[in-house]
Amino acid sequence: MAGPPGTEHESPLELPMTTLTTLPWNLVTKNLHGHELLRKKLHQKITKLEKHLKHFPPDSVHLQIVLERHPKKPLHSAALNLRVPSNILHSEKSSADVIKAFDEAVKTLLRDLDSLKAELRREVFWKRKERRERFRQLKAAGFAAEPMSEGAGPQELEDVVRDFFKQHYTRLLRHARHHIRHDELAGDIPKGGLDARDIVDEAARRAVANTAQRSKGMSWLVWFYHLIHEELKRQRRLLKQEKAGEISIDETRALPEDAEKAAGYDAEQPLNIIEEELEPPVVRTEALLPDPKAVPPDQTLAQKDLLELLQHNMQNWPRQERSLRTLFCRGFGAG
């Protein structure tokens, strides 16, 4: 029975609203048809993963399923790429039956998820109060009943890696800026010499283009940080090389022999006949740089020695061969 107006019972503690959403997944098939019955069987299998994923933010989870039939052998392969907040888990199995191969791949993925969750429990990053509160409010109801429409979602592993990088882009950018600022304050690089976005974008390009180069014992996120530090190291080295090899071609310099004359010394004249102070002649640095199109002196000398050796050896040839060689050389020179 309701009380009088204004006396309705109010809960002393309002619980945050829990948003239930589904986890997305997409199916990529090669040399086989992803018919409706197959999709239903796949959905039944992947529900085993849901209990391990319900505490992850739904927008940070995606499952890519790749089923392929061998064009010549009675063999099917099933590859699963599961993107979670801190890593990309991969499992792949083969069998004559596509469902059996998929079932084995799911079992492997379950074991990897157990290991991942054990690692996350020890990380302070996942123990923050605000993060736990977010997990309580954003819980996944499970995988969507149907995969994304054909052609939607990541089609290759490189697409999964690209999406994972985008998910952590802001965090990686902040990390690169921190190290660049540290190098600037230490005087290792000039202020504004490096751009954090260029560093992170190059690391992303390398990550997507060289997925096979990642060590199996290294998580994808750790590998991203590794690539960023490799690119920072490379850019620092380029800046040092540029600074060490920087020469202005407009700079003027006095030649050593001219400087001696200006100081009053000339090996061909007595000192007492130098009556006027000479200004040292100067030349542009451009005139001192070697011509890249000119033939190096050592190469010219080697060609000359080779020609002399050939002429010397020809003296010992039979007269007929020497005559033919002379005619050949004349004809070659005429051409």
# chains A, B, ... in the order shown; residues from 1 in each chain; ligands from 1

call {"tool": "residues_around", "arguments": {"residues": "Val61 (chain A)", "least_positions_apart": "3", "cutoff": "9 Å", "atoms": "only C-alpha atoms", "output": "JSON, numbers by chain"}}
result
{"A": [23, 24, 25, 53, 56, 57, 58, 82, 83, 84, 85]}

call {"tool": "closest_residue", "arguments": {"among": "A:Ala203, A:Ala105, A:Leu173, A:Ile189", "to": "Arg236 (chain A)", "atoms": "only C-alpha atoms"}}
result
A:Ile189

call {"tool": "closest_residue", "arguments": {"among": "A:Ser95, A:Glu231, A:Ser77, A:Val28", "to": "Ala152 (chain A)", "atoms": "only C-alpha atoms"}}
result
A:Val28

call {"tool": "residues_around", "arguments": {"residues": "Ile180 (chain A)", "least_positions_apart": "5", "cutoff": "12 Å", "atoms": "only C-alpha atoms", "output": "VMD selection string"}}
result
chain A and resid 173 to 175 185 to 200 228 to 229 231 to 233 235 to 236

call {"tool": "write_last_selection", "arguments": {"atoms": "N, CA and C atoms", "output": "PDB file, in the first residue's frame"}}
result
ATOM      1  N   LEU A 173      51.193   7.879 -27.444  1.00  0.00           N
ATOM      2  CA  LEU A 173      51.626   9.229 -27.792  1.00  0.00           C
ATOM      3  C   LEU A 173      52.129   9.966 -26.552  1.00  0.00           C
ATOM      4  N   ARG A 174      51.432   9.805 -25.452  1.00  0.00           N
ATOM      5  CA  ARG A 174      51.856  10.432 -24.200  1.00  0.00           C
ATOM      6  C   ARG A 174      53.233   9.897 -23.761  1.00  0.00           C
ATOM      7  N   HIS A 175      53.435   8.613 -23.954  1.00  0.00           N
ATOM      8  CA  HIS A 175      54.717   7.999 -23.592  1.00  0.00           C
ATOM      9  C   HIS A 175      55.853   8.571 -24.438  1.00  0.00           C
ATOM     10  N   LEU A 185      65.272  18.360 -22.207  1.00  0.00           N
ATOM     11  CA  LEU A 185      65.765  18.962 -20.966  1.00  0.00           C
ATOM     12  C   LEU A 185      67.200  18.540 -20.677  1.00  0.00           C
ATOM     13  N   ALA A 186      67.556  17.325 -21.082  1.00  0.00           N
ATOM     14  CA  ALA A 186      68.924  16.840 -20.868  1.00  0.00           C
ATOM     15  C   ALA A 186      69.904  17.402 -21.887  1.00  0.00           C
ATOM     16  N   GLY A 187      69.381  18.059 -22.925  1.00  0.00           N
ATOM     17  CA  GLY A 187      70.242  18.617 -23.955  1.00  0.00           C
ATOM     18  C   GLY A 187      70.692  17.614 -24.990  1.00  0.00           C
ATOM     19  N   ASP A 188      70.076  16.428 -25.001  1.00  0.00           N
ATOM     20  CA  ASP A 188      70.462  15.407 -25.971  1.00  0.00           C
ATOM     21  C   ASP A 188      69.936  15.696 -27.370  1.00  0.00           C
ATOM     22  N   ILE A 189      68.796  16.382 -27.449  1.00  0.00           N
ATOM     23  CA  ILE A 189      68.219  16.757 -28.738  1.00  0.00           C
ATOM     24  C   ILE A 189      67.755  18.205 -28.655  1.00  0.00           C
ATOM     25  N   PRO A 190      67.736  18.917 -29.783  1.00  0.00           N
ATOM     26  CA  PRO A 190      67.252  20.304 -29.745  1.00  0.00           C
ATOM     27  C   PRO A 190      65.746  20.355 -29.509  1.00  0.00           C
ATOM     28  N   LYS A 191      65.297  21.416 -28.911  1.00  0.00           N
ATOM     29  CA  LYS A 191      63.870  21.565 -28.648  1.00  0.00           C
ATOM     30  C   LYS A 191      63.102  21.626 -29.964  1.00  0.00           C
ATOM     31  N   GLY A 192      62.080  20.808 -30.081  1.00  0.00           N
ATOM     32  CA  GLY A 192      61.299  20.742 -31.310  1.00  0.00           C
ATOM     33  C   GLY A 192      61.949  19.910 -32.395  1.00  0.00           C
ATOM     34  N   GLY A 193      63.058  19.233 -32.067  1.00  0.00           N
ATOM     35  CA  GLY A 193      63.750  18.427 -33.071  1.00  0.00           C
ATOM     36  C   GLY A 193      63.002  17.165 -33.456  1.00  0.00           C
ATOM     37  N   LEU A 194      62.182  16.639 -32.548  1.00  0.00           N
ATOM     38  CA  LEU A 194      61.419  15.418 -32.812  1.00  0.00           C
ATOM     39  C   LEU A 194      59.943  15.671 -32.548  1.00  0.00           C
ATOM     40  N   ASP A 195      59.108  15.017 -33.344  1.00  0.00           N
ATOM     41  CA  ASP A 195      57.664  15.123 -33.184  1.00  0.00           C
ATOM     42  C   ASP A 195      57.116  13.784 -32.714  1.00  0.00           C
ATOM     43  N   ALA A 196      56.389  13.803 -31.590  1.00  0.00           N
ATOM     44  CA  ALA A 196      55.901  12.561 -30.993  1.00  0.00           C
ATOM     45  C   ALA A 196      54.966  11.811 -31.933  1.00  0.00           C
ATOM     46  N   ARG A 197      54.145  12.527 -32.667  1.00  0.00           N
ATOM     47  CA  ARG A 197      53.208  11.861 -33.583  1.00  0.00           C
ATOM     48  C   ARG A 197      53.953  11.129 -34.697  1.00  0.00           C
ATOM     49  N   ASP A 198      55.020  11.733 -35.201  1.00  0.00           N
ATOM     50  CA  ASP A 198      55.810  11.058 -36.239  1.00  0.00           C
ATOM     51  C   ASP A 198      56.420   9.777 -35.696  1.00  0.00           C
ATOM     52  N   ILE A 199      56.879   9.820 -34.449  1.00  0.00           N
ATOM     53  CA  ILE A 199      57.495   8.645 -33.826  1.00  0.00           C
ATOM     54  C   ILE A 199      56.465   7.527 -33.681  1.00  0.00           C
ATOM     55  N   VAL A 200      55.295   7.854 -33.142  1.00  0.00           N
ATOM     56  CA  VAL A 200      54.264   6.842 -32.902  1.00  0.00           C
ATOM     57  C   VAL A 200      53.700   6.320 -34.222  1.00  0.00           C
ATOM     58  N   ILE A 228      58.480   2.006 -30.381  1.00  0.00           N
ATOM     59  CA  ILE A 228      58.593   3.446 -30.146  1.00  0.00           C
ATOM     60  C   ILE A 228      59.996   3.804 -29.680  1.00  0.00           C
ATOM     61  N   HIS A 229      60.545   3.014 -28.760  1.00  0.00           N
ATOM     62  CA  HIS A 229      61.901   3.282 -28.272  1.00  0.00           C
ATOM     63  C   HIS A 229      62.932   3.049 -29.374  1.00  0.00           C
ATOM     64  N   GLU A 231      62.409   3.585 -32.577  1.00  0.00           N
ATOM     65  CA  GLU A 231      62.304   4.740 -33.464  1.00  0.00           C
ATOM     66  C   GLU A 231      62.909   5.983 -32.826  1.00  0.00           C
ATOM     67  N   LEU A 232      62.709   6.173 -31.511  1.00  0.00           N
ATOM     68  CA  LEU A 232      63.333   7.297 -30.808  1.00  0.00           C
ATOM     69  C   LEU A 232      64.862   7.197 -30.901  1.00  0.00           C
ATOM     70  N   LYS A 233      65.377   6.015 -30.708  1.00  0.00           N
ATOM     71  CA  LYS A 233      66.826   5.795 -30.793  1.00  0.00           C
ATOM     72  C   LYS A 233      67.344   6.112 -32.194  1.00  0.00           C
ATOM     73  N   GLN A 235      65.969   8.129 -34.459  1.00  0.00           N
ATOM     74  CA  GLN A 235      65.867   9.558 -34.736  1.00  0.00           C
ATOM     75  C   GLN A 235      66.942  10.346 -33.993  1.00  0.00           C
ATOM     76  N   ARG A 236      67.273   9.939 -32.764  1.00  0.00           N
ATOM     77  CA  ARG A 236      68.361  10.606 -32.042  1.00  0.00           C
ATOM     78  C   ARG A 236      69.677  10.451 -32.805  1.00  0.00           C
TER      79      ARG A 236
END

call {"tool": "residues_around", "arguments": {"residues": "His43 (chain A)", "least_positions_apart": "5", "cutoff": "9 Å", "atoms": "only C-alpha atoms", "output": "PyMOL selection string"}}
result
chain A and resi 38+143-147

call {"tool": "write_last_selection", "arguments": {"atoms": "N, CA and C atoms", "output": "PDB file, in the first residue's frame"}}
result
ATOM      1  N   LEU A  38      26.423 -22.960 -40.034  1.00  0.00           N
ATOM      2  CA  LEU A  38      27.802 -22.842 -39.565  1.00  0.00           C
ATOM      3  C   LEU A  38      27.935 -21.685 -38.592  1.00  0.00           C
ATOM      4  N   PHE A 143      28.466 -12.492 -26.623  1.00  0.00           N
ATOM      5  CA  PHE A 143      28.677 -12.228 -28.035  1.00  0.00           C
ATOM      6  C   PHE A 143      27.346 -12.029 -28.755  1.00  0.00           C
ATOM      7  N   ALA A 144      27.392 -11.190 -29.757  1.00  0.00           N
ATOM      8  CA  ALA A 144      26.204 -10.969 -30.576  1.00  0.00           C
ATOM      9  C   ALA A 144      25.787 -12.285 -31.228  1.00  0.00           C
ATOM     10  N   ALA A 145      24.488 -12.448 -31.432  1.00  0.00           N
ATOM     11  CA  ALA A 145      23.990 -13.703 -32.005  1.00  0.00           C
ATOM     12  C   ALA A 145      24.502 -13.932 -33.416  1.00  0.00           C
ATOM     13  N   GLU A 146      24.733 -12.872 -34.144  1.00  0.00           N
ATOM     14  CA  GLU A 146      25.210 -12.972 -35.524  1.00  0.00           C
ATOM     15  C   GLU A 146      26.520 -12.212 -35.672  1.00  0.00           C
ATOM     16  N   PRO A 147      27.392 -12.680 -36.531  1.00  0.00           N
ATOM     17  CA  PRO A 147      28.625 -11.927 -36.780  1.00  0.00           C
ATOM     18  C   PRO A 147      28.321 -10.649 -37.539  1.00  0.00           C
TER      19      PRO A 147
END

call {"tool": "atom_distance", "arguments": {"atom1": "CA of Glu202 (chain A)", "atom2": "CA of Lys240 (chain A)"}}
result
19.6 Å

call {"tool": "atom_distance", "arguments": {"atom1": "CA of Leu27 (chain A)", "atom2": "CA of Leu221 (chain A)"}}
result
24.6 Å

call {"tool": "closest_residue", "arguments": {"among": "A:Glu68, A:Glu150, A:Asp163, A:Glu158", "to": "Asn210 (chain A)", "atoms": "only C-alpha atoms"}}
result
A:Glu158
